[in-house]
file entry_19.txt (compact mmCIF, C-alpha atoms and all ligand atoms)
# COMPACT_ATOMS: atom_id res chain seq x y z
CA MET A 165 -24.04 7.17 -2.80
CA GLN A 166 -22.31 9.16 -5.54
CA PRO A 167 -23.28 9.34 -9.24
CA LEU A 168 -20.16 8.55 -11.30
CA ARG A 169 -19.37 10.37 -14.55
CA THR A 170 -19.75 7.94 -17.44
CA ASN A 171 -18.97 7.85 -21.18
CA ILE A 172 -16.06 10.30 -20.93
CA SER A 173 -14.79 11.50 -24.32
CA SER A 174 -11.25 12.35 -23.20
CA LEU A 175 -9.00 12.81 -20.14
CA ARG A 176 -6.20 15.36 -20.54
CA GLY A 177 -3.86 17.18 -18.18
CA THR A 178 -1.18 16.89 -15.51
CA ILE A 179 -1.49 15.54 -11.99
CA ASN A 180 0.83 15.62 -8.99
CA VAL A 181 -0.19 12.43 -7.24
CA PRO A 182 0.00 12.66 -3.42
CA GLY A 183 2.84 11.17 -1.40
CA ASP A 184 3.48 7.45 -1.18
CA LYS A 185 1.47 5.72 1.55
CA SER A 186 4.07 3.08 2.43
CA ILE A 187 6.86 5.66 2.68
CA SER A 188 4.72 8.14 4.66
CA HIS A 189 3.93 5.49 7.30
CA ARG A 190 7.58 4.50 7.62
CA ALA A 191 8.81 8.11 7.87
CA VAL A 192 6.58 8.71 10.91
CA MET A 193 7.46 5.38 12.53
CA LEU A 194 11.24 5.58 12.06
CA GLY A 195 11.10 9.28 13.01
CA ALA A 196 9.35 8.33 16.26
CA ILE A 197 11.99 5.76 17.32
CA ALA A 198 15.00 7.77 16.09
CA ASN A 199 16.99 10.23 18.16
CA GLY A 200 16.39 13.84 17.14
CA THR A 201 14.01 15.57 14.77
CA THR A 202 12.63 14.16 11.50
CA THR A 203 10.99 16.40 8.92
CA ILE A 204 8.72 14.91 6.26
CA ALA A 205 7.71 16.78 3.08
CA ASN A 206 4.90 15.61 0.77
CA PHE A 207 3.49 13.36 3.52
CA LEU A 208 0.31 11.59 2.41
CA GLN A 209 -2.67 13.06 4.29
CA GLY A 210 -4.72 9.90 3.73
CA GLU A 211 -6.68 8.37 6.59
CA ASP A 212 -4.27 5.43 6.94
CA CYS A 213 -1.22 7.64 7.49
CA LEU A 214 -3.19 9.86 9.86
CA SER A 215 -3.94 6.71 11.89
CA THR A 216 -0.19 6.12 12.15
CA ILE A 217 0.33 9.68 13.46
CA ASP A 218 -2.50 9.21 15.96
CA CYS A 219 -1.03 5.94 17.32
CA PHE A 220 2.45 7.44 17.80
CA ARG A 221 1.03 10.50 19.56
CA LYS A 222 -0.63 8.08 22.01
CA LEU A 223 2.83 6.56 22.52
CA GLY A 224 4.09 9.95 23.69
CA VAL A 225 5.67 11.22 20.47
CA SER A 226 5.25 14.89 19.60
CA ILE A 227 4.18 15.11 15.93
CA GLU A 228 3.29 18.40 14.28
CA GLN A 229 1.33 18.16 11.04
CA ASN A 230 0.77 21.13 8.75
CA GLY A 231 -0.85 19.74 5.62
CA SER A 232 1.74 17.59 3.90
CA ASP A 233 4.57 18.88 6.11
CA VAL A 234 5.20 16.84 9.23
CA VAL A 235 7.74 17.21 12.03
CA VAL A 236 8.38 14.26 14.36
CA GLU A 237 10.33 14.70 17.60
CA GLY A 238 12.01 11.31 17.94
CA LYS A 239 12.01 9.57 21.32
CA GLY A 240 14.78 7.07 20.63
CA LEU A 241 14.42 3.29 20.56
CA LYS A 242 13.64 3.11 24.30
CA GLY A 243 11.67 6.33 24.61
CA LEU A 244 8.08 5.44 23.69
CA LYS A 245 5.67 5.54 26.66
CA GLU A 246 2.97 3.11 27.74
CA PRO A 247 -0.25 4.39 26.15
CA SER A 248 -3.23 5.15 28.40
CA ASP A 249 -5.62 4.61 25.49
CA ILE A 250 -6.19 1.89 22.90
CA LEU A 251 -4.13 2.28 19.70
CA ASN A 252 -6.62 2.43 16.80
CA VAL A 253 -5.13 1.71 13.38
CA GLY A 254 -8.43 2.38 11.56
CA ASN A 255 -8.37 0.67 8.15
CA SER A 256 -4.58 0.41 7.90
CA GLY A 257 -2.91 -3.00 7.73
CA THR A 258 0.50 -1.38 7.39
CA THR A 259 0.03 0.60 10.61
CA ALA A 260 -1.12 -2.51 12.49
CA ARG A 261 1.67 -4.81 11.38
CA LEU A 262 4.65 -2.42 11.48
CA LEU A 263 3.49 -0.98 14.80
CA LEU A 264 3.36 -4.52 16.25
CA GLY A 265 7.02 -4.90 15.29
CA ILE A 266 7.89 -1.75 17.25
CA LEU A 267 5.65 -2.54 20.25
CA ALA A 268 7.20 -6.01 20.54
CA GLY A 269 10.45 -4.39 21.71
CA CYS A 270 8.82 -1.90 24.14
CA PRO A 271 8.72 -2.88 27.84
CA PHE A 272 5.05 -2.02 28.42
CA HIS A 273 1.49 -3.06 27.70
CA SER A 274 -0.63 -1.78 24.83
CA CYS A 275 -3.88 -2.71 23.03
CA LEU A 276 -4.38 -2.47 19.29
CA ILE A 277 -7.67 -2.36 17.41
CA GLY A 278 -8.87 -1.29 13.97
CA ASP A 279 -12.07 -1.13 11.95
CA GLU A 280 -14.32 -3.99 10.74
CA SER A 281 -12.01 -4.74 7.81
CA ILE A 282 -8.88 -4.89 9.99
CA ALA A 283 -10.66 -7.36 12.28
CA LYS A 284 -10.77 -9.81 9.35
CA ARG A 285 -7.11 -9.44 8.34
CA PRO A 286 -4.61 -12.05 9.57
CA MET A 287 -2.18 -10.72 12.16
CA GLY A 288 -0.71 -14.17 12.98
CA ARG A 289 1.76 -13.66 10.14
CA VAL A 290 3.46 -11.02 12.32
CA THR A 291 2.47 -12.04 15.84
CA LYS A 292 3.93 -15.54 15.29
CA PRO A 293 7.53 -14.39 14.52
CA LEU A 294 7.29 -11.62 17.13
CA LYS A 295 6.28 -14.19 19.77
CA MET A 296 9.24 -16.34 18.67
CA MET A 297 11.40 -13.30 19.43
CA GLY A 298 9.95 -13.17 22.96
CA ALA A 299 7.05 -10.69 22.78
CA HIS A 300 3.85 -11.54 24.66
CA ILE A 301 0.94 -11.00 22.31
CA ASP A 302 -2.58 -12.26 22.73
CA GLY A 303 -5.83 -11.55 20.96
CA ARG A 304 -8.77 -13.08 19.19
CA GLU A 305 -7.98 -16.58 17.90
CA HIS A 306 -4.66 -16.74 19.81
CA GLY A 307 -3.40 -13.44 18.50
CA ASN A 308 -4.31 -13.95 14.87
CA TYR A 309 -6.92 -11.17 14.80
CA THR A 310 -7.54 -7.81 16.47
CA PRO A 311 -8.18 -6.72 19.16
CA LEU A 312 -4.63 -7.53 20.21
CA SER A 313 -2.90 -7.05 23.53
CA ILE A 314 0.87 -6.66 23.51
CA ARG A 315 3.43 -6.80 26.29
CA GLY A 316 6.83 -6.25 24.77
CA GLY A 317 10.33 -6.26 26.20
CA GLU A 318 13.76 -7.74 25.55
CA LEU A 319 13.72 -9.71 22.31
CA GLN A 320 15.92 -12.45 20.86
CA PRO A 321 17.11 -12.37 17.24
CA ILE A 322 15.56 -14.99 14.92
CA HIS A 323 16.01 -16.39 11.43
CA TYR A 324 12.60 -16.37 9.88
CA GLU A 325 11.37 -17.87 6.65
CA SER A 326 8.15 -16.14 5.67
CA SER A 327 5.65 -18.14 3.61
CA VAL A 328 4.32 -14.93 2.03
CA ALA A 329 6.12 -12.16 0.15
CA SER A 330 4.96 -9.38 2.46
CA ALA A 331 6.74 -6.13 3.22
CA GLN A 332 4.58 -5.78 6.30
CA VAL A 333 5.85 -9.09 7.73
CA LYS A 334 9.45 -8.34 6.74
CA SER A 335 9.31 -4.81 8.16
CA ALA A 336 7.72 -5.85 11.47
CA ILE A 337 10.53 -8.36 12.04
CA LEU A 338 13.24 -5.87 11.02
CA LEU A 339 11.83 -3.20 13.35
CA ALA A 340 11.78 -5.71 16.22
CA GLY A 341 15.29 -6.83 15.21
CA LEU A 342 16.59 -3.27 15.68
CA THR A 343 16.29 -3.73 19.46
CA THR A 344 17.88 -7.20 19.84
CA ASN A 345 21.46 -8.22 20.59
CA GLY A 346 22.50 -10.04 17.46
CA THR A 347 21.44 -10.62 13.87
CA THR A 348 17.84 -11.16 12.77
CA THR A 349 17.16 -12.42 9.23
CA VAL A 350 14.00 -12.66 7.16
CA THR A 351 13.76 -14.68 3.96
CA GLU A 352 10.77 -14.28 1.66
CA PRO A 353 9.60 -16.28 -1.38
CA HIS A 354 9.75 -13.22 -3.67
CA ARG A 355 11.08 -9.73 -3.05
CA SER A 356 8.51 -7.39 -1.50
CA ARG A 357 8.75 -3.59 -1.40
CA ASP A 358 11.99 -2.47 0.28
CA HIS A 359 11.12 1.00 1.63
CA THR A 360 11.93 -0.04 5.22
CA GLU A 361 15.41 -1.21 4.28
CA ARG A 362 16.11 1.99 2.32
CA MET A 363 14.78 4.23 5.05
CA ILE A 364 16.66 2.52 7.89
CA ARG A 365 19.85 3.37 5.96
CA LEU A 366 18.70 6.96 5.48
CA PHE A 367 18.32 7.15 9.28
CA GLY A 368 21.93 6.04 9.70
CA GLY A 369 21.19 2.36 10.36
CA SER A 370 22.44 -0.65 8.49
CA VAL A 371 20.56 -3.51 6.81
CA THR A 372 22.08 -6.21 4.60
CA VAL A 373 20.30 -7.67 1.60
CA ASP A 374 21.39 -10.97 0.06
CA ASP A 375 19.00 -12.05 -2.68
CA LEU A 376 15.72 -12.80 -0.84
CA THR A 377 17.19 -12.57 2.67
CA VAL A 378 17.36 -9.33 4.64
CA SER A 379 19.44 -9.07 7.85
CA ILE A 380 19.63 -6.52 10.61
CA THR A 381 22.08 -6.58 13.51
CA GLY A 382 20.94 -4.89 16.70
CA PRO A 383 20.90 -2.93 18.80
CA GLN A 384 20.97 0.04 16.46
CA GLN A 385 20.01 3.59 17.31
CA LEU A 386 18.61 5.59 14.37
CA ILE A 387 19.12 9.32 13.86
CA GLY A 388 16.34 11.68 12.65
CA ALA A 389 16.36 12.61 8.94
CA ASN A 390 14.77 14.99 6.44
CA ILE A 391 12.55 13.06 4.08
CA TYR A 392 10.81 13.94 0.81
CA VAL A 393 8.07 11.42 0.02
CA PRO A 394 7.76 10.68 -3.73
CA GLY A 395 4.29 10.44 -5.32
CA ASP A 396 2.53 7.10 -4.80
CA ILE A 397 2.76 4.83 -7.86
CA SER A 398 -0.20 2.89 -6.45
CA SER A 399 -2.29 6.10 -6.69
CA ALA A 400 -0.78 7.04 -10.06
CA ALA A 401 -1.86 3.59 -11.33
CA PHE A 402 -5.52 4.69 -11.54
CA PHE A 403 -4.62 7.52 -13.92
CA LEU A 404 -2.09 5.44 -15.85
CA VAL A 405 -4.88 2.99 -16.65
CA ALA A 406 -7.42 5.78 -17.25
CA GLY A 407 -5.06 7.43 -19.75
CA ALA A 408 -4.57 4.14 -21.61
CA ILE A 409 -8.27 3.15 -21.86
CA VAL A 410 -10.29 6.39 -22.15
CA PRO A 411 -10.44 7.66 -25.78
CA ASN A 412 -8.41 10.73 -26.87
CA SER A 413 -6.47 10.91 -23.63
CA GLU A 414 -3.04 12.09 -22.58
CA ILE A 415 -2.17 12.32 -18.88
CA THR A 416 1.12 13.30 -17.25
CA LEU A 417 1.82 12.19 -13.69
CA LYS A 418 4.60 14.13 -11.95
CA ASN A 419 7.10 12.98 -9.29
CA VAL A 420 5.96 9.36 -9.23
CA GLY A 421 8.00 6.96 -7.09
CA LEU A 422 9.80 4.42 -9.31
CA ASN A 423 11.26 2.04 -6.74
CA PRO A 424 11.78 -1.19 -8.74
CA THR A 425 9.98 -3.23 -6.05
CA ARG A 426 6.84 -1.20 -6.91
CA THR A 427 6.96 -0.75 -10.70
CA GLY A 428 5.17 -3.95 -11.77
CA ILE A 429 2.32 -1.80 -13.15
CA ILE A 430 4.75 -0.11 -15.55
CA ASP A 431 6.08 -3.47 -16.75
CA VAL A 432 2.52 -4.69 -17.34
CA LEU A 433 1.46 -1.54 -19.21
CA GLN A 434 4.55 -1.80 -21.41
CA LYS A 435 3.97 -5.52 -22.07
CA MET A 436 0.34 -4.82 -23.01
CA GLY A 437 1.45 -2.17 -25.51
CA ALA A 438 0.61 1.07 -23.70
CA GLU A 439 1.99 4.29 -25.19
CA MET A 440 3.94 5.61 -22.27
CA THR A 441 7.08 7.68 -21.67
CA ILE A 442 9.02 8.18 -18.45
CA GLU A 443 11.12 11.32 -18.13
CA ASN A 444 13.13 13.26 -15.60
CA ILE A 445 14.17 10.09 -13.73
CA ARG A 446 16.14 11.08 -10.63
CA ASN A 447 16.81 10.07 -7.05
CA GLU A 448 15.35 11.85 -4.06
CA GLN A 449 17.58 10.56 -1.21
CA THR A 450 17.17 6.78 -1.42
CA GLU A 451 14.07 6.51 -3.62
CA PRO A 452 13.96 6.96 -7.43
CA LEU A 453 11.17 9.00 -9.05
CA GLY A 454 10.16 10.42 -12.43
CA ASP A 455 7.37 11.90 -14.57
CA ILE A 456 5.17 9.50 -16.56
CA THR A 457 3.04 10.40 -19.59
CA ILE A 458 0.48 7.97 -20.98
CA ARG A 459 -1.79 8.13 -24.02
CA THR A 460 -4.81 6.18 -25.26
CA SER A 461 -3.43 2.82 -26.41
CA ASN A 462 -4.26 -0.36 -28.29
CA LEU A 463 -3.75 -3.05 -25.68
CA THR A 464 -3.16 -6.80 -25.80
CA ALA A 465 -3.69 -9.37 -23.03
CA THR A 466 -0.90 -10.70 -20.83
CA GLU A 467 -0.15 -13.11 -17.96
CA ILE A 468 0.64 -11.73 -14.51
CA SER A 469 2.13 -14.17 -11.98
CA GLY A 470 5.05 -15.16 -9.75
CA ALA A 471 7.62 -12.58 -8.69
CA LEU A 472 5.67 -9.84 -10.48
CA ILE A 473 2.73 -10.14 -8.06
CA PRO A 474 4.29 -8.43 -4.99
CA ARG A 475 5.53 -5.66 -7.33
CA LEU A 476 1.95 -4.72 -8.22
CA ILE A 477 -0.24 -6.34 -5.56
CA ASP A 478 -2.26 -3.18 -4.77
CA GLU A 479 -2.66 -2.36 -8.49
CA ILE A 480 -4.44 -5.62 -9.39
CA PRO A 481 -7.98 -4.14 -9.10
CA ILE A 482 -7.16 -1.42 -11.66
CA ILE A 483 -5.13 -3.88 -13.80
CA ALA A 484 -8.25 -6.08 -13.97
CA LEU A 485 -10.11 -3.12 -15.48
CA LEU A 486 -7.21 -2.52 -17.89
CA ALA A 487 -7.44 -6.17 -19.00
CA THR A 488 -11.13 -5.76 -19.90
CA GLN A 489 -9.93 -3.31 -22.60
CA ALA A 490 -7.13 -5.52 -23.98
CA GLU A 491 -7.55 -7.94 -26.91
CA GLY A 492 -7.30 -11.54 -25.71
CA THR A 493 -7.30 -13.36 -22.38
CA THR A 494 -5.42 -11.95 -19.40
CA VAL A 495 -4.62 -14.40 -16.62
CA ILE A 496 -3.69 -13.20 -13.12
CA LYS A 497 -2.43 -15.99 -10.84
CA ASP A 498 -0.35 -16.55 -7.66
CA ALA A 499 -2.31 -13.66 -6.14
CA SER A 500 -4.21 -15.25 -3.24
CA GLU A 501 -2.87 -12.41 -1.02
CA LEU A 502 -5.68 -10.37 -2.62
CA LYS A 503 -8.13 -12.28 -0.43
CA VAL A 504 -6.73 -10.74 2.78
CA LYS A 505 -6.63 -7.07 1.80
CA GLU A 506 -9.22 -4.42 2.84
CA THR A 507 -11.75 -6.70 1.12
CA ASN A 508 -11.36 -10.03 -0.65
CA ARG A 509 -10.23 -8.22 -3.80
CA ILE A 510 -10.72 -11.25 -6.05
CA ASP A 511 -14.41 -11.32 -5.10
CA THR A 512 -15.03 -7.57 -5.03
CA VAL A 513 -13.27 -6.87 -8.35
CA VAL A 514 -15.04 -9.72 -10.16
CA THR A 515 -18.49 -8.96 -8.70
CA GLU A 516 -18.37 -5.24 -9.42
CA LEU A 517 -16.81 -5.40 -12.91
CA ARG A 518 -19.40 -8.00 -13.94
CA LYS A 519 -22.15 -5.53 -13.03
CA LEU A 520 -20.73 -3.31 -15.82
CA GLY A 521 -20.64 -6.16 -18.35
CA ALA A 522 -16.98 -7.25 -18.08
CA ASP A 523 -16.11 -10.84 -18.98
CA ILE A 524 -14.15 -11.75 -15.84
CA LYS A 525 -14.11 -14.76 -13.59
CA ALA A 526 -12.50 -15.55 -10.26
CA THR A 527 -10.01 -18.39 -9.84
CA ALA A 528 -8.52 -19.84 -6.65
CA ASP A 529 -5.54 -17.46 -6.76
CA GLY A 530 -6.49 -14.70 -9.17
CA MET A 531 -8.77 -14.01 -12.12
CA VAL A 532 -9.20 -14.56 -15.84
CA ILE A 533 -10.38 -11.66 -18.00
CA HIS A 534 -11.48 -11.86 -21.65
CA GLY A 535 -11.20 -8.61 -23.62
CA LYS A 536 -12.03 -6.42 -25.15
CA SER A 537 -15.54 -5.72 -23.85
CA ALA A 538 -17.68 -2.62 -24.09
CA LEU A 539 -18.85 -1.72 -20.57
CA LYS A 540 -22.55 -0.82 -20.23
CA ALA A 541 -24.80 -0.03 -17.29
CA LYS A 542 -28.43 0.96 -16.89
CA ASP A 543 -28.93 2.53 -13.46
CA VAL A 544 -26.34 0.22 -11.91
CA VAL A 545 -25.18 0.64 -8.30
CA VAL A 546 -21.57 -0.45 -7.73
CA ASP A 547 -20.01 -0.72 -4.30
CA SER A 548 -16.53 0.04 -2.94
CA TYR A 549 -17.36 -2.18 0.08
CA GLY A 550 -15.32 0.42 2.00
CA ASP A 551 -12.18 -0.54 0.04
CA HIS A 552 -10.41 2.55 -1.34
CA ARG A 553 -8.82 0.75 -4.29
CA ILE A 554 -12.14 -0.82 -5.35
CA GLY A 555 -13.86 2.60 -5.19
CA MET A 556 -11.20 4.29 -7.35
CA MET A 557 -11.13 1.42 -9.86
CA LEU A 558 -14.92 1.69 -10.26
CA ALA A 559 -14.77 5.45 -10.83
CA ILE A 560 -12.27 4.87 -13.68
CA ALA A 561 -14.43 2.00 -15.02
CA ALA A 562 -17.40 4.39 -15.14
CA CYS A 563 -15.40 6.71 -17.44
CA ILE A 564 -15.56 4.06 -20.19
CA THR A 565 -19.10 2.85 -19.38
CA GLN A 566 -22.14 3.80 -21.46
CA GLY A 567 -25.09 4.45 -19.15
CA THR A 568 -25.61 5.47 -15.54
CA VAL A 569 -23.63 4.26 -12.54
CA CYS A 570 -23.71 5.22 -8.85
CA LEU A 571 -20.99 4.34 -6.34
CA LYS A 572 -21.86 3.21 -2.82
CA ARG A 573 -19.38 4.21 -0.07
CA PRO A 574 -17.29 6.58 -2.26
CA GLU A 575 -15.71 8.12 0.87
CA ALA A 576 -13.41 5.06 1.13
CA VAL A 577 -11.00 6.71 -1.36
CA ALA A 578 -9.81 9.02 1.46
CA VAL A 579 -7.87 6.08 2.94
CA SER A 580 -5.07 6.56 0.40
CA TYR A 581 -6.12 9.37 -1.99
CA PRO A 582 -8.40 12.06 -0.48
CA SER A 583 -8.17 14.30 -3.60
CA PHE A 584 -8.89 11.45 -6.04
CA PHE A 585 -12.25 12.72 -7.35
CA ASP A 586 -10.96 16.32 -7.67
CA HIS A 587 -7.99 15.05 -9.68
CA LEU A 588 -10.17 12.86 -11.89
CA HIS A 589 -12.63 15.69 -12.62
CA SER A 590 -9.76 18.11 -13.36
CA LEU A 591 -8.82 15.91 -16.35
CA MET A 592 -12.34 15.90 -17.89
O1 LIG B 1 4.45 -2.52 3.55
C1 LIG B 1 3.60 -1.80 3.01
O2 LIG B 1 3.60 -0.56 3.09
C2 LIG B 1 2.56 -2.47 2.22
C3 LIG B 1 2.72 -3.79 1.86
C4 LIG B 1 1.75 -4.55 1.07
O3 LIG B 1 1.10 -5.47 1.93
P1 LIG B 1 1.74 -6.89 2.32
O4 LIG B 1 2.94 -6.68 3.13
O5 LIG B 1 0.66 -7.58 3.11
O6 LIG B 1 2.02 -7.58 1.02
C5 LIG B 1 0.68 -3.65 0.45
O7 LIG B 1 -0.40 -4.43 0.00
C6 LIG B 1 0.21 -2.58 1.38
O8 LIG B 1 -0.70 -1.73 0.73
C7 LIG B 1 1.35 -1.72 1.85
C1 LIG B 2 -3.56 -3.28 1.23
C2 LIG B 2 -3.45 -1.97 1.39
O1 LIG B 2 -3.07 -1.33 2.54
P1 LIG B 2 -2.91 -1.86 4.05
O2 LIG B 2 -2.42 -3.28 4.00
O3 LIG B 2 -1.96 -0.94 4.69
O4 LIG B 2 -4.28 -1.76 4.68
C3 LIG B 2 -3.66 -1.05 0.24
O5 LIG B 2 -3.38 0.13 0.40
O6 LIG B 2 -4.12 -1.48 -0.85
call {"tool": "encode", "arguments": {"input": "entry_19.txt", "output": "structure tokens"}}
result
Amino acid sequence: MQPLRTNISSLRGTINVPGDKSISHRAVMLGAIANGTTTIANFLQGEDCLSTIDCFRKLGVSIEQNGSDVVVEGKGLKGLKEPSDILNVGNSGTTARLLLGILAGCPFHSCLIGDESIAKRPMGRVTKPLKMMGAHIDGREHGNYTPLSIRGGELQPIHYESSVASAQVKSAILLAGLTTNGTTTVTEPHRSRDHTERMIRLFGGSVTVDDLTVSITGPQQLIGANIYVPGDISSAAFFLVAGAIVPNSEITLKNVGLNPTRTGIIDVLQKMGAEMTIENIRNEQTEPLGDITIRTSNLTATEISGALIPRLIDEIPIIALLATQAEGTTVIKDASELKVKETNRIDTVVTELRKLGADIKATADGMVIHGKSALKAKDVVVDSYGDHRIGMMLAIAACITQGTVCLKRPEAVAVSYPSFFDHLHSLM
């Protein structure tokens, strides 16, 4: 249990947010199946990405990690070895689902488990297409939940229409498609983050994108690359919102990834009237990045739905807090994916923000928030439920709360942002 700092008079300063989680995972994974050496700078040392390193070491890949510098000695597409131990993905859905895509094409047996939260997250969305490609996967509820057992091998290309806009589903199929003879396509209802597509090209491979359909023609052998990981916009989001809602604030976030499939939070802040500038926009290899400055702002409510949802899916908990400080009614819909994240984020966001006096209610596929409300708490205990994004959102909520608040399970933040509390306190 951790007492949270409340009633903060101002947040000022500059932060270098740590490396992007999605890109860090992919750099290790593509590095492992490429030929030759991959170097990764600004790798995210969060627990999720460390789980990815641990799994690939068990698959025989030599990975040296020195802080945020990582060197991966690639084994080639056919070079991973049958693991003698269970592959434990910890809390990381991305590790589980992308790894399944790679294991599907490997001619050996492996077992995959994760923590209590992973055991509740649907894996059928990837095991179903991978089985269609020819992989043998079994597990709890016919391979829909961990623990999973995988026997991979030669795969057939497929054309797959995904019912969800999920980069994890798309990436798993593309990674499996790398090994097949022929063209595999994935079509999604809205565009999800495209880091896999960009990184496959950086590793010398080729992927075709036509509107909402992505195609890969295999077999393709990737070549190791040198990668700089931009700062994670999903981590920056907590300070973007903090800067907008805490009085007398001005926060600059350096080197933030600005991939357009991830910048929904910036669109929402702009639409709500946030005072924000983006400077020094540049490209680092295949990913754009820049420096963002945000100041205390007068905010108005907005609607968040449709194609915008996958562009800000992980930011919805902190956007819900933002909406409590905007004049009017904010509606978030088409976001039922929130129910299958580390927690049911519709339930956890609504339950915890209500404890602080927010006017927020859950709907079938999102939430409705009436602002602006003054948050108050008398000896209130809020809970991250072990969900990193809920823990960080609550710490920012406490900044604008009058009273006393303690956070249960604060250690969850280490999943994606181990230095979160240090960074927050450095601005006070
Ligand atoms: O591919 C990725 O790196 C991610 C994709 C998203 O999940 P879905 O693919 O389930 O939408 C996101 O929520 C997750 O944090 C990271
Ligand atoms: C949903 C998330 O991650 P993952 O799916 O990798 O567990 C997240 O980081 O918010």
call {"tool": "closest_residue", "arguments": {"input": "entry_19.txt", "among": "A:Arg518, A:Arg285, A:Arg190, A:Lys503", "to": "A:Thr360", "atoms": "only C-alpha atoms"}}
result
A:Arg190
call {"tool": "residues_around", "arguments": {"input": "entry_19.txt", "residues": "A:Thr565", "least_positions_apart": "2", "cutoff": "6 Å", "atoms": "all atoms listed in the file", "output": "number ranges by chain"}}
result
A: 170-171, 539-540, 562-563
call {"tool": "residues_around", "arguments": {"input": "entry_19.txt", "residues": "stretch 435-445 of chain A", "least_positions_apart": "4", "cutoff": "9 Å", "atoms": "only C-alpha atoms", "output": "ChimeraX atom specification"}}
result
/A:404,408,419,422,430-431,452-466,487,490
call {"tool": "atom_distance", "arguments": {"input": "entry_19.txt", "atom1": "atom CA of A:Cys219", "atom2": "atom CA of A:Val393"}}
result
20.3 Å
call {"tool": "residues_around", "arguments": {"input": "entry_19.txt", "residues": "A:Thr344", "least_positions_apart": "4", "cutoff": "7 Å", "atoms": "all atoms listed in the file", "output": "ChimeraX atom specification"}}
result
/A:319-321,382-383
call {"tool": "closest_residue", "arguments": {"input": "entry_19.txt", "among": "A:Ile477, A:Leu591, A:Ile533, A:Leu386", "to": "ligand LIG 2 (chain B)", "atoms": "all atoms listed in the file"}}
result
A:Ile477
call {"tool": "residues_near_point", "arguments": {"input": "entry_19.txt", "point": "(-11.9, -19.1, -15.7)", "cutoff": "12 Å", "atoms": "all atoms listed in the file", "output": "ChimeraX atom specification"}}
result
/A:493-497,514,523-534
call {"tool": "closest_residue", "arguments": {"input": "entry_19.txt", "among": "A:Gln566, A:Gln384, A:Thr178, A:Thr259", "to": "ligand LIG 1 (chain B)", "atoms": "all atoms listed in the file"}}
result
A:Thr259
call {"tool": "atom_distance", "arguments": {"input": "entry_19.txt", "atom1": "atom CA of A:Phe402", "atom2": "atom CA of A:Phe585"}}
result
11.3 Å
call {"tool": "build_atoms", "arguments": {"input": "entry_19.txt", "residues": "stretch 562-573 of chain A", "atoms": "N, CA and C atoms", "output": "PDB file, in the frame of the given file"}}
result
ATOM      1  N   ALA A 562     -16.228   3.609 -14.707  1.00  0.00           N
ATOM      2  CA  ALA A 562     -17.400   4.390 -15.140  1.00  0.00           C
ATOM      3  C   ALA A 562     -17.044   5.288 -16.318  1.00  0.00           C
ATOM      4  N   CYS A 563     -15.820   5.803 -16.352  1.00  0.00           N
ATOM      5  CA  CYS A 563     -15.400   6.710 -17.440  1.00  0.00           C
ATOM      6  C   CYS A 563     -15.587   6.069 -18.813  1.00  0.00           C
ATOM      7  N   ILE A 564     -15.433   4.721 -18.888  1.00  0.00           N
ATOM      8  CA  ILE A 564     -15.560   4.060 -20.190  1.00  0.00           C
ATOM      9  C   ILE A 564     -16.877   3.272 -20.284  1.00  0.00           C
ATOM     10  N   THR A 565     -17.810   3.566 -19.379  1.00  0.00           N
ATOM     11  CA  THR A 565     -19.100   2.850 -19.380  1.00  0.00           C
ATOM     12  C   THR A 565     -20.168   3.728 -20.025  1.00  0.00           C
ATOM     13  N   GLN A 566     -20.978   3.115 -20.880  1.00  0.00           N
ATOM     14  CA  GLN A 566     -22.140   3.800 -21.460  1.00  0.00           C
ATOM     15  C   GLN A 566     -23.298   3.562 -20.496  1.00  0.00           C
ATOM     16  N   GLY A 567     -23.929   4.635 -20.024  1.00  0.00           N
ATOM     17  CA  GLY A 567     -25.090   4.450 -19.150  1.00  0.00           C
ATOM     18  C   GLY A 567     -24.969   5.236 -17.876  1.00  0.00           C
ATOM     19  N   THR A 568     -25.614   4.753 -16.822  1.00  0.00           N
ATOM     20  CA  THR A 568     -25.610   5.470 -15.540  1.00  0.00           C
ATOM     21  C   THR A 568     -25.158   4.543 -14.418  1.00  0.00           C
ATOM     22  N   VAL A 569     -24.213   5.051 -13.624  1.00  0.00           N
ATOM     23  CA  VAL A 569     -23.630   4.260 -12.540  1.00  0.00           C
ATOM     24  C   VAL A 569     -23.535   5.116 -11.279  1.00  0.00           C
ATOM     25  N   CYS A 570     -23.927   4.556 -10.147  1.00  0.00           N
ATOM     26  CA  CYS A 570     -23.710   5.220  -8.850  1.00  0.00           C
ATOM     27  C   CYS A 570     -22.775   4.374  -8.025  1.00  0.00           C
ATOM     28  N   LEU A 571     -21.947   5.054  -7.193  1.00  0.00           N
ATOM     29  CA  LEU A 571     -20.990   4.340  -6.340  1.00  0.00           C
ATOM     30  C   LEU A 571     -21.411   4.450  -4.882  1.00  0.00           C
ATOM     31  N   LYS A 572     -21.587   3.282  -4.266  1.00  0.00           N
ATOM     32  CA  LYS A 572     -21.860   3.210  -2.820  1.00  0.00           C
ATOM     33  C   LYS A 572     -20.541   3.347  -2.071  1.00  0.00           C
ATOM     34  N   ARG A 573     -20.549   4.018  -0.950  1.00  0.00           N
ATOM     35  CA  ARG A 573     -19.380   4.210  -0.070  1.00  0.00           C
ATOM     36  C   ARG A 573     -18.173   4.816  -0.805  1.00  0.00           C
TER      37      ARG A 573
END
